[in-house]
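**Q** Before I ask anything, let me first share the structure, which is written out below as structure tokens.
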Amino acid sequence: MKGKTNTIDISVIAPFLILIIFSVCILFALLFGTKIYKDTLNRDRTQFELRTINQYIITQIHQSDGDGMMFIGNFDEQTESSEGDTFFRIETINGTRYYTRIYCHNGYLCELFSKADGSFSKEDGEQILPLNGLNFKQNNGTVTVTITHSNGKCDVENVSLRSCTGDTYEK
């Protein structure tokens with residue numbers, strides 16, 4: 001008897017090779033797709049935080065737009081100034097005056113609602129979102145807000161006050 005040689009038929013190997021190549025391609029597509037998805041989520045979350053902070057501050061100013069309903073000053077002094085680190089929204093509830101303070105402290109945008117005559121520190125406020133700096137400046141019917149975000153980006157928002165332009169509306 002002659003020796004038998006083992007031969008493998010190419011028709012058996014070809015489907016396995018194609019299956020392996022296809023599996024490797026799918027694996028790479030999933031890995032790259034996951035990375036792209038993660039990067040997109042991070043970018044969207046960052047943009048959402050930036051827009052939310054800006055819009056939150058602008059909304060607070062618009063809601064306070066009226067004679068004697070807001071002022072700008074420094075947190076500790078609680079006196080009206082043309083420039084300061086804190087936005088004070090004034091509300092009167094059952095004859096008692098309250099302030100909602102919007103300010104930046106320890107890397108966060110903070111809000112503190114309290115009686116106007118109370119003594120509070122910046123630590124007492126509620127942390128809202130990460131923020132590096134905040135400055136308000138009021139001039140000729142506009143409030144200019146300089147916002148320094150946690151990623152170093154600096155936005156300047158100019159908010160026109162309707163109460164200073166003669167518009168009338170119900171509060």
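Chains: A, B, ... in order of the structure tokens. Residues: from 1 per chain. Ligands: from 1, in order shown.
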Which of segment 66-150 of chain A counts as strand (DSSP E or B) under DSSP, as a PyMOL selection string please?
**A** chain A and resi 70-73+81+83-84+86-93+96-105+108-115+126-130+133-139+142-148
**Q** What's the 8 Å shell around segment 145-152 of chain A, counting only C-alpha atoms, without same-chain residues fewer than 4 positions away, as a PyMOL selection string?
**A** chain A and resi 50+54+107+130-137+156-159
**Q** Using only C-alpha atoms, which of the listed residues (A:Leu129, A:Leu27, A:Ile90, A:Leu41) sits closest to Asn106 of chain A?
**A**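 With only C-alpha atoms as the atom set, the closest residue is A:Leu129.
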**Q** For a quick check of understanding, using only C-alpha atoms, which of A:Phe75, A:Phe88, A:Phe22, A:Phe32 has the smallest distance to Phe120 of chain A?
**A**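 Checking each of A:Phe75, A:Phe88, A:Phe22, A:Phe32 against Phe120 of chain A, counting only C-alpha atoms, the winner is A:Phe75.
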**Q** Can you work out the spacing between atom CA of Gly125 of chain A and atom CA of Ile57 of chain A in Å, to one decimal?
**A**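 Result for atom CA of Gly125 of chain A versus atom CA of Ile57 of chain A: 15.4 Å, one decimal.
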**Q** If we count only C-alpha atoms, what is near Asp65 of chain A at a cut-off of 8 Å, once residues fewer than 3 positions away on the same chain are taken out, given as a list in words?
**A**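 Neighbouring residues, sequence-local ones excluded: Ile61, His62, Met69, Met70, Leu161, Arg162 and Ser163 of chain A.
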**Q** Tell me, as a ChimeraX atom specification, which residues lie within 10 Å of Lys115 of chain A, counting only C-alpha atoms; anything in the same chain fewer than 5 positions away does not count.
**A** /A:90-93,96-100,120
**Q** Mind giving me the straight-line distance from atom CA of Ser114 of chain A to atom CA of Glu77 of chain A in Å, one decimal?
**A**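 Answer for the atom CA of Ser114 of chain A to atom CA of Glu77 of chain A separation: 15.0 Å.
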